[in-house]
file start_17.csv (CSV, C-alpha atoms)
chain,number,residue,atom,x,y,z
A,8,MET,CA,-7.7,-28.6,9.3
A,9,ASP,CA,-5.5,-29.6,6.4
A,10,LEU,CA,-2.1,-28.1,5.4
A,11,THR,CA,-3.7,-25.8,2.8
A,12,GLN,CA,-6.0,-24.3,5.3
A,13,LEU,CA,-3.2,-23.9,7.8
A,14,PHE,CA,-1.0,-22.2,5.1
A,15,GLU,CA,-3.9,-19.8,4.3
A,16,ILE,CA,-4.1,-18.9,8.0
A,17,ALA,CA,-0.3,-18.4,8.1
A,18,GLN,CA,-0.5,-16.1,5.1
A,19,TYR,CA,-3.3,-14.1,6.8
A,20,PHE,CA,-1.3,-14.0,10.0
A,21,ALA,CA,1.9,-12.7,8.3
A,22,THR,CA,0.2,-10.0,6.3
A,23,ARG,CA,-2.1,-8.8,9.1
A,24,LEU,CA,0.6,-8.7,11.7
A,25,ASP,CA,2.7,-6.5,9.4
A,26,GLY,CA,-0.3,-4.2,8.9
A,27,ALA,CA,-1.3,-4.1,12.6
A,28,TRP,CA,2.2,-3.5,13.7
A,29,PHE,CA,2.6,-0.6,11.2
A,30,LEU,CA,-0.8,1.0,12.3
A,31,ALA,CA,0.1,0.7,16.0
A,32,ALA,CA,3.5,2.3,15.4
A,33,ALA,CA,1.9,5.1,13.3
A,34,ASP,CA,-0.6,5.8,16.1
A,35,LYS,CA,2.1,5.9,18.8
A,36,LEU,CA,5.1,7.5,16.9
A,37,GLY,CA,3.6,9.0,13.7
A,38,VAL,CA,3.4,7.8,10.2
A,39,GLN,CA,6.9,8.8,9.1
A,40,ALA,CA,8.6,7.0,12.1
A,41,ALA,CA,6.4,3.9,11.5
A,42,PHE,CA,7.4,3.9,7.9
A,43,GLU,CA,11.1,4.1,8.7
A,44,LEU,CA,10.8,1.3,11.3
A,45,ASP,CA,8.8,-0.8,8.8
A,46,VAL,CA,11.5,-0.4,6.2
A,47,GLU,CA,14.1,-1.5,8.7
A,48,ALA,CA,12.0,-4.4,9.8
A,49,TRP,CA,11.5,-5.7,6.2
A,50,LYS,CA,15.3,-5.2,5.6
A,51,ARG,CA,16.1,-7.4,8.5
A,52,PHE,CA,13.3,-10.0,7.9
A,53,SER,CA,14.1,-10.5,4.3
A,54,TYR,CA,17.9,-10.9,5.0
A,55,VAL,CA,17.2,-13.5,7.7
A,56,LEU,CA,14.8,-15.3,5.4
A,57,GLY,CA,17.4,-15.3,2.6
A,58,LYS,CA,20.0,-16.8,5.1
A,59,ARG,CA,17.5,-19.5,6.2
A,60,LEU,CA,16.6,-20.4,2.7
A,61,ALA,CA,20.3,-20.6,1.8
A,62,ARG,CA,21.1,-22.7,4.8
A,63,ASP,CA,18.2,-25.2,4.6
A,64,TYR,CA,16.8,-25.2,1.1
A,65,LEU,CA,19.1,-23.6,-1.4
A,66,PRO,CA,22.6,-24.5,0.0
A,67,GLN,CA,24.6,-23.6,-3.1
A,68,PRO,CA,22.7,-20.6,-4.5
A,69,THR,CA,23.2,-19.5,-8.0
A,70,TRP,CA,22.2,-16.2,-9.6
A,71,PRO,CA,19.5,-15.7,-10.8
A,72,ASP,CA,17.9,-19.1,-10.4
A,73,SER,CA,18.1,-19.3,-6.6
A,74,TYR,CA,17.1,-15.7,-6.2
A,75,LEU,CA,14.0,-16.3,-8.3
A,76,GLU,CA,13.1,-19.4,-6.2
A,77,ALA,CA,13.6,-17.5,-2.9
A,78,MET,CA,11.5,-14.6,-4.3
A,79,THR,CA,8.7,-17.1,-5.2
A,80,ILE,CA,8.8,-18.6,-1.7
A,81,MET,CA,8.6,-15.1,-0.1
A,82,ALA,CA,5.8,-14.1,-2.5
A,83,ARG,CA,3.8,-17.2,-1.6
A,84,ILE,CA,4.2,-16.6,2.2
A,85,LEU,CA,3.0,-13.0,1.7
A,86,LYS,CA,0.2,-13.9,-0.7
A,87,THR,CA,1.6,-11.9,-3.5
A,88,GLU,CA,-0.3,-13.5,-6.4
A,89,GLY,CA,-0.9,-12.4,-10.0
A,90,ARG,CA,2.9,-12.3,-10.5
A,91,GLU,CA,4.7,-12.3,-13.9
A,92,VAL,CA,8.5,-12.6,-13.8
A,93,THR,CA,10.7,-12.2,-16.8
A,94,VAL,CA,14.5,-12.4,-17.1
A,95,ASP,CA,16.3,-10.6,-19.9
A,96,GLY,CA,20.0,-11.0,-19.6
A,97,ASP,CA,20.9,-9.7,-16.1
A,98,LEU,CA,17.6,-7.8,-15.6
A,99,ILE,CA,14.7,-9.4,-13.7
A,100,THR,CA,11.4,-7.8,-14.1
A,101,ILE,CA,8.6,-8.6,-11.6
A,102,ARG,CA,5.1,-7.4,-12.3
A,103,VAL,CA,2.4,-7.9,-9.7
A,104,THR,CA,-1.3,-7.3,-10.1
A,105,ASP,CA,-2.7,-9.1,-7.0
A,106,CYS,CA,-1.0,-8.3,-3.7
A,107,GLU,CA,-2.5,-8.8,-0.2
A,108,THR,CA,-0.1,-6.2,1.3
A,109,GLN,CA,-0.9,-3.7,-1.3
A,110,ARG,CA,-4.7,-4.2,-0.7
A,111,MET,CA,-4.2,-3.6,3.0
A,112,ILE,CA,-2.1,-0.5,2.4
A,113,ALA,CA,-4.8,0.9,0.0
A,114,LYS,CA,-7.5,0.2,2.6
A,115,ALA,CA,-5.6,1.9,5.4
A,116,GLY,CA,-4.5,4.8,3.2
A,117,VAL,CA,-1.5,5.5,5.4
A,118,ALA,CA,1.6,4.3,3.6
A,119,ASP,CA,3.2,3.1,0.4
A,120,CYS,CA,5.2,-0.2,0.1
A,121,GLY,CA,7.7,1.1,-2.5
A,122,ILE,CA,10.8,1.6,-0.3
A,123,ALA,CA,10.1,-1.6,1.8
A,124,THR,CA,9.7,-3.5,-1.4
A,125,VAL,CA,13.1,-2.4,-2.6
A,126,THR,CA,14.7,-3.1,0.8
A,127,SER,CA,13.0,-6.6,0.9
A,128,HIS,CA,14.5,-7.6,-2.5
A,129,GLN,CA,17.9,-6.4,-1.5
A,130,GLY,CA,17.8,-8.1,1.9
A,131,LEU,CA,16.6,-11.4,0.4
A,132,ALA,CA,19.4,-11.4,-2.1
A,133,LYS,CA,22.1,-10.5,0.4
A,134,GLY,CA,20.8,-13.2,2.8
A,135,LEU,CA,21.1,-15.8,0.0
A,136,PHE,CA,24.5,-14.7,-1.4
A,137,GLY,CA,26.2,-12.6,1.3
A,138,LYS,CA,26.2,-9.0,2.5
A,139,ASP,CA,28.8,-8.0,-0.1
A,140,LEU,CA,26.5,-8.8,-3.0
A,141,GLU,CA,26.0,-5.8,-5.3
A,142,ILE,CA,22.3,-5.7,-6.2
A,143,TYR,CA,20.2,-2.9,-7.7
A,144,VAL,CA,16.5,-2.7,-7.3
A,145,ALA,CA,14.0,-0.1,-8.7
A,146,HIS,CA,10.3,0.0,-7.9
A,147,THR,CA,9.1,1.6,-11.2
A,148,LYS,CA,5.3,1.1,-11.0
A,149,ASN,CA,3.0,1.0,-8.1
A,150,LEU,CA,-0.7,-0.1,-7.8
A,151,ASN,CA,-1.1,2.4,-4.9
A,152,GLN,CA,-0.1,5.2,-7.2
A,153,GLY,CA,-2.7,4.2,-9.9
A,154,ASP,CA,-0.4,2.1,-12.1
A,155,GLU,CA,-1.8,-1.1,-13.6
A,156,CYS,CA,0.7,-3.2,-11.6
A,157,CYS,CA,3.6,-3.0,-9.2
A,158,GLU,CA,6.8,-3.4,-11.2
A,159,VAL,CA,10.2,-4.1,-9.7
A,160,LEU,CA,13.4,-4.3,-11.6
A,161,VAL,CA,16.3,-6.3,-10.1
A,162,SER,CA,19.8,-6.5,-11.5
A,163,ARG,CA,23.4,-7.2,-10.5
A,164,LYS,CA,24.3,-4.2,-12.6
A,165,PRO,CA,23.1,-0.6,-12.2
A,166,ILE,CA,19.6,-0.1,-13.6
A,167,SER,CA,19.3,2.7,-16.1
A,168,ALA,CA,16.3,4.9,-16.7
A,169,ALA,CA,15.9,3.2,-20.1
A,170,ASN,CA,15.0,-0.1,-18.5
call {"tool": "encode", "arguments": {"input": "start_17.csv", "output": "structure tokens"}}
result
Amino acid sequence: MDLTQLFEIAQYFATRLDGAWFLAAADKLGVQAAFELDVEAWKRFSYVLGKRLARDYLPQPTWPDSYLEAMTIMARILKTEGREVTVDGDLITIRVTDCETQRMIAKAGVADCGIATVTSHQGLAKGLFGKDLEIYVAHTKNLNQGDECCEVLVSRKPISAAN
């Protein structure tokens, strides 16, 4: 087995473990409780990932470059492909048309990743730059709601409805 195959198995493992955990929690505790726990788990995971990346790979992080690099790493781990990222001033726009997690959610039909997505972006940034970082995230389009993509807006300034 080469490193590419091993990485593909690791991606499968990460996404399937998340889904299996959520479904087991939903069966035992109900969908709402599972959703709340899932959001908290992603908040903690993304924060710890951000801290690890800052410690070992991005030791002097700068905004937005290090955040974009960390987000790319997280997206690769989670097999979030079909990504388009644009930066316009302080506003980062991420559009995703091919997401393994979204496909699993659609197949299971039990949840929506919107709040966990927002929390994950916030946690990743706070892990990189510190818990006091002011970061604003809006999940404005959602493949699971029939949109053509998932769209997430990230900024260090409040995001207006006009964005």
call {"tool": "closest_residue", "arguments": {"input": "start_17.csv", "among": "A:Leu13, A:Ala33, A:Ile142, A:Ala123", "to": "A:Ile166", "atoms": "only C-alpha atoms"}}
result
A:Ile142
call {"tool": "residues_around", "arguments": {"input": "start_17.csv", "residues": "A:Asp45", "least_positions_apart": "3", "cutoff": "8 Å", "atoms": "only C-alpha atoms", "output": "list in words"}}
result
Phe29, Ala41, Phe42, Ala48, Trp49 and Ala123 of chain A
call {"tool": "residues_around", "arguments": {"input": "start_17.csv", "residues": "A:Lys86", "least_positions_apart": "2", "cutoff": "12 Å", "atoms": "only C-alpha atoms", "output": "list in words"}}
result
Phe14, Glu15, Ile16, Ala17, Gln18, Tyr19, Phe20, Ala21, Thr22, Arg23, Met78, Thr79, Ile80, Met81, Ala82, Arg83, Ile84, Glu88, Gly89, Arg90, Val103, Thr104, Asp105, Cys106, Glu107, Thr108, Gln109, Arg110 and Met111 of chain A
call {"tool": "atom_distance", "arguments": {"input": "start_17.csv", "atom1": "atom CA of A:Arg102", "atom2": "atom CA of A:Val144"}}
result
13.3 Å
call {"tool": "atom_distance", "arguments": {"input": "start_17.csv", "atom1": "atom CA of A:Ala61", "atom2": "atom CA of A:Lys164"}}
result
22.2 Å
call {"tool": "atom_distance", "arguments": {"input": "start_17.csv", "atom1": "atom CA of A:Asp25", "atom2": "atom CA of A:Glu141"}}
result
27.6 Å
call {"tool": "residues_near_point", "arguments": {"input": "start_17.csv", "point": "(19.9, -12.8, 5.0)", "cutoff": "9 Å", "atoms": "only C-alpha atoms", "output": "list of chain:residue names"}}
result
A:Lys50, A:Arg51, A:Phe52, A:Ser53, A:Tyr54, A:Val55, A:Leu56, A:Gly57, A:Lys58, A:Arg59, A:Leu60, A:Ala61, A:Gly130, A:Leu131, A:Ala132, A:Lys133, A:Gly134, A:Leu135, A:Phe136, A:Gly137, A:Lys138
call {"tool": "write_last_selection", "arguments": {"input": "start_17.csv", "atoms": "C-alpha atoms", "output": "compact mmCIF listing (two decimals), in the frame of the given file"}}
result
# COMPACT_ATOMS: atom_id res chain seq x y z
CA LYS A 50 15.30 -5.20 5.60
CA ARG A 51 16.10 -7.40 8.50
CA PHE A 52 13.30 -10.00 7.90
CA SER A 53 14.10 -10.50 4.30
CA TYR A 54 17.90 -10.90 5.00
CA VAL A 55 17.20 -13.50 7.70
CA LEU A 56 14.80 -15.30 5.40
CA GLY A 57 17.40 -15.30 2.60
CA LYS A 58 20.00 -16.80 5.10
CA ARG A 59 17.50 -19.50 6.20
CA LEU A 60 16.60 -20.40 2.70
CA ALA A 61 20.30 -20.60 1.80
CA GLY A 130 17.80 -8.10 1.90
CA LEU A 131 16.60 -11.40 0.40
CA ALA A 132 19.40 -11.40 -2.10
CA LYS A 133 22.10 -10.50 0.40
CA GLY A 134 20.80 -13.20 2.80
CA LEU A 135 21.10 -15.80 0.00
CA PHE A 136 24.50 -14.70 -1.40
CA GLY A 137 26.20 -12.60 1.30
CA LYS A 138 26.20 -9.00 2.50
call {"tool": "residues_around", "arguments": {"input": "start_17.csv", "residues": "A:Val159", "least_positions_apart": "6", "cutoff": "8 Å", "atoms": "only C-alpha atoms", "output": "list of chain:residue names"}}
result
A:Thr100, A:Ile101, A:Arg102, A:Val125, A:Val144, A:Ala145, A:His146, A:Thr147, A:Lys148
call {"tool": "closest_residue", "arguments": {"input": "start_17.csv", "among": "A:Cys120, A:Val38, A:Val94, A:Leu10", "to": "A:Tyr74", "atoms": "all atoms listed in the file"}}
result
A:Val94
call {"tool": "build_atoms", "arguments": {"input": "start_17.csv", "residues": "stretch 80-91 of chain A", "atoms": "all heavy atoms", "output": "PDB file, in the coordinates of the input"}}
result
ATOM      1  N   ILE A  80       9.160 -18.095  -3.043  1.00  0.00           N
ATOM      2  CA  ILE A  80       8.800 -18.600  -1.700  1.00  0.00           C
ATOM      3  C   ILE A  80       8.270 -17.387  -0.874  1.00  0.00           C
ATOM      4  O   ILE A  80       7.221 -17.477  -0.234  1.00  0.00           O
ATOM      5  CB  ILE A  80       9.998 -19.239  -1.020  1.00  0.00           C
ATOM      6  CG1 ILE A  80      10.313 -20.558  -1.732  1.00  0.00           C
ATOM      7  CG2 ILE A  80       9.730 -19.455   0.465  1.00  0.00           C
ATOM      8  CD1 ILE A  80      11.656 -21.157  -1.354  1.00  0.00           C
ATOM      9  N   MET A  81       8.996 -16.272  -0.874  1.00  0.00           N
ATOM     10  CA  MET A  81       8.600 -15.100  -0.100  1.00  0.00           C
ATOM     11  C   MET A  81       7.213 -14.584  -0.611  1.00  0.00           C
ATOM     12  O   MET A  81       6.350 -14.220   0.189  1.00  0.00           O
ATOM     13  CB  MET A  81       9.629 -14.002  -0.194  1.00  0.00           C
ATOM     14  CG  MET A  81       9.384 -12.841   0.723  1.00  0.00           C
ATOM     15  SD  MET A  81      10.874 -11.822   0.792  1.00  0.00           S
ATOM     16  CE  MET A  81      10.236 -10.358   1.541  1.00  0.00           C
ATOM     17  N   ALA A  82       7.023 -14.575  -1.916  1.00  0.00           N
ATOM     18  CA  ALA A  82       5.800 -14.100  -2.500  1.00  0.00           C
ATOM     19  C   ALA A  82       4.604 -15.021  -2.054  1.00  0.00           C
ATOM     20  O   ALA A  82       3.502 -14.536  -1.769  1.00  0.00           O
ATOM     21  CB  ALA A  82       5.848 -14.029  -3.995  1.00  0.00           C
ATOM     22  N   ARG A  83       4.839 -16.312  -1.996  1.00  0.00           N
ATOM     23  CA  ARG A  83       3.800 -17.200  -1.600  1.00  0.00           C
ATOM     24  C   ARG A  83       3.431 -17.010  -0.106  1.00  0.00           C
ATOM     25  O   ARG A  83       2.263 -17.018   0.260  1.00  0.00           O
ATOM     26  CB  ARG A  83       4.209 -18.688  -1.782  1.00  0.00           C
ATOM     27  CG  ARG A  83       4.186 -19.071  -3.252  1.00  0.00           C
ATOM     28  CD  ARG A  83       4.354 -20.544  -3.470  1.00  0.00           C
ATOM     29  NE  ARG A  83       3.214 -21.269  -2.918  1.00  0.00           N
ATOM     30  CZ  ARG A  83       3.278 -22.525  -2.508  1.00  0.00           C
ATOM     31  NH1 ARG A  83       4.408 -23.203  -2.584  1.00  0.00           N
ATOM     32  NH2 ARG A  83       2.206 -23.131  -2.031  1.00  0.00           N
ATOM     33  N   ILE A  84       4.443 -16.812   0.738  1.00  0.00           N
ATOM     34  CA  ILE A  84       4.200 -16.600   2.200  1.00  0.00           C
ATOM     35  C   ILE A  84       3.361 -15.310   2.334  1.00  0.00           C
ATOM     36  O   ILE A  84       2.448 -15.265   3.158  1.00  0.00           O
ATOM     37  CB  ILE A  84       5.540 -16.431   2.923  1.00  0.00           C
ATOM     38  CG1 ILE A  84       6.275 -17.770   2.952  1.00  0.00           C
ATOM     39  CG2 ILE A  84       5.317 -15.904   4.338  1.00  0.00           C
ATOM     40  CD1 ILE A  84       7.719 -17.669   3.398  1.00  0.00           C
ATOM     41  N   LEU A  85       3.658 -14.270   1.552  1.00  0.00           N
ATOM     42  CA  LEU A  85       3.000 -13.000   1.700  1.00  0.00           C
ATOM     43  C   LEU A  85       1.736 -12.828   0.825  1.00  0.00           C
ATOM     44  O   LEU A  85       1.172 -11.746   0.737  1.00  0.00           O
ATOM     45  CB  LEU A  85       3.979 -11.848   1.395  1.00  0.00           C
ATOM     46  CG  LEU A  85       5.165 -11.787   2.349  1.00  0.00           C
ATOM     47  CD1 LEU A  85       6.169 -10.751   1.879  1.00  0.00           C
ATOM     48  CD2 LEU A  85       4.708 -11.519   3.769  1.00  0.00           C
ATOM     49  N   LYS A  86       1.348 -13.897   0.170  1.00  0.00           N
ATOM     50  CA  LYS A  86       0.200 -13.900  -0.700  1.00  0.00           C
ATOM     51  C   LYS A  86       0.222 -12.842  -1.761  1.00  0.00           C
ATOM     52  O   LYS A  86      -0.701 -12.078  -1.987  1.00  0.00           O
ATOM     53  CB  LYS A  86      -1.127 -13.794   0.149  1.00  0.00           C
ATOM     54  CG  LYS A  86      -2.332 -14.306  -0.590  1.00  0.00           C
ATOM     55  CD  LYS A  86      -3.574 -14.363   0.266  1.00  0.00           C
ATOM     56  CE  LYS A  86      -4.713 -14.877  -0.587  1.00  0.00           C
ATOM     57  NZ  LYS A  86      -5.963 -14.863   0.122  1.00  0.00           N
ATOM     58  N   THR A  87       1.368 -12.800  -2.410  1.00  0.00           N
ATOM     59  CA  THR A  87       1.600 -11.900  -3.500  1.00  0.00           C
ATOM     60  C   THR A  87       1.313 -12.749  -4.792  1.00  0.00           C
ATOM     61  O   THR A  87       2.188 -13.475  -5.260  1.00  0.00           O
ATOM     62  CB  THR A  87       3.004 -11.345  -3.553  1.00  0.00           C
ATOM     63  OG1 THR A  87       3.251 -10.724  -2.298  1.00  0.00           O
ATOM     64  CG2 THR A  87       3.195 -10.342  -4.669  1.00  0.00           C
ATOM     65  N   GLU A  88       0.102 -12.636  -5.304  1.00  0.00           N
ATOM     66  CA  GLU A  88      -0.300 -13.500  -6.400  1.00  0.00           C
ATOM     67  C   GLU A  88      -0.397 -12.584  -7.674  1.00  0.00           C
ATOM     68  O   GLU A  88      -0.095 -11.406  -7.632  1.00  0.00           O
ATOM     69  CB  GLU A  88      -1.643 -14.121  -6.099  1.00  0.00           C
ATOM     70  CG  GLU A  88      -1.527 -15.004  -4.851  1.00  0.00           C
ATOM     71  CD  GLU A  88      -2.845 -15.451  -4.274  1.00  0.00           C
ATOM     72  OE1 GLU A  88      -3.877 -14.845  -4.573  1.00  0.00           O
ATOM     73  OE2 GLU A  88      -2.834 -16.424  -3.508  1.00  0.00           O
ATOM     74  N   GLY A  89      -0.789 -13.157  -8.785  1.00  0.00           N
ATOM     75  CA  GLY A  89      -0.900 -12.400 -10.000  1.00  0.00           C
ATOM     76  C   GLY A  89       0.502 -11.854 -10.424  1.00  0.00           C
ATOM     77  O   GLY A  89       0.643 -10.726 -10.872  1.00  0.00           O
ATOM     78  N   ARG A  90       1.532 -12.691 -10.243  1.00  0.00           N
ATOM     79  CA  ARG A  90       2.900 -12.300 -10.500  1.00  0.00           C
ATOM     80  C   ARG A  90       3.325 -12.767 -11.922  1.00  0.00           C
ATOM     81  O   ARG A  90       3.019 -13.869 -12.338  1.00  0.00           O
ATOM     82  CB  ARG A  90       3.870 -12.921  -9.526  1.00  0.00           C
ATOM     83  CG  ARG A  90       3.747 -12.351  -8.152  1.00  0.00           C
ATOM     84  CD  ARG A  90       4.646 -13.038  -7.129  1.00  0.00           C
ATOM     85  NE  ARG A  90       6.019 -13.111  -7.582  1.00  0.00           N
ATOM     86  CZ  ARG A  90       6.665 -14.251  -7.804  1.00  0.00           C
ATOM     87  NH1 ARG A  90       6.100 -15.394  -7.624  1.00  0.00           N
ATOM     88  NH2 ARG A  90       7.921 -14.239  -8.199  1.00  0.00           N
ATOM     89  N   GLU A  91       4.060 -11.905 -12.591  1.00  0.00           N
ATOM     90  CA  GLU A  91       4.700 -12.300 -13.900  1.00  0.00           C
ATOM     91  C   GLU A  91       6.156 -11.870 -13.728  1.00  0.00           C
ATOM     92  O   GLU A  91       6.486 -10.729 -13.398  1.00  0.00           O
ATOM     93  CB  GLU A  91       4.049 -11.454 -15.005  1.00  0.00           C
ATOM     94  CG  GLU A  91       4.725 -11.636 -16.347  1.00  0.00           C
ATOM     95  CD  GLU A  91       4.192 -10.657 -17.379  1.00  0.00           C
ATOM     96  OE1 GLU A  91       2.965 -10.515 -17.488  1.00  0.00           O
ATOM     97  OE2 GLU A  91       5.021 -10.029 -18.055  1.00  0.00           O
TER      98      GLU A  91
END
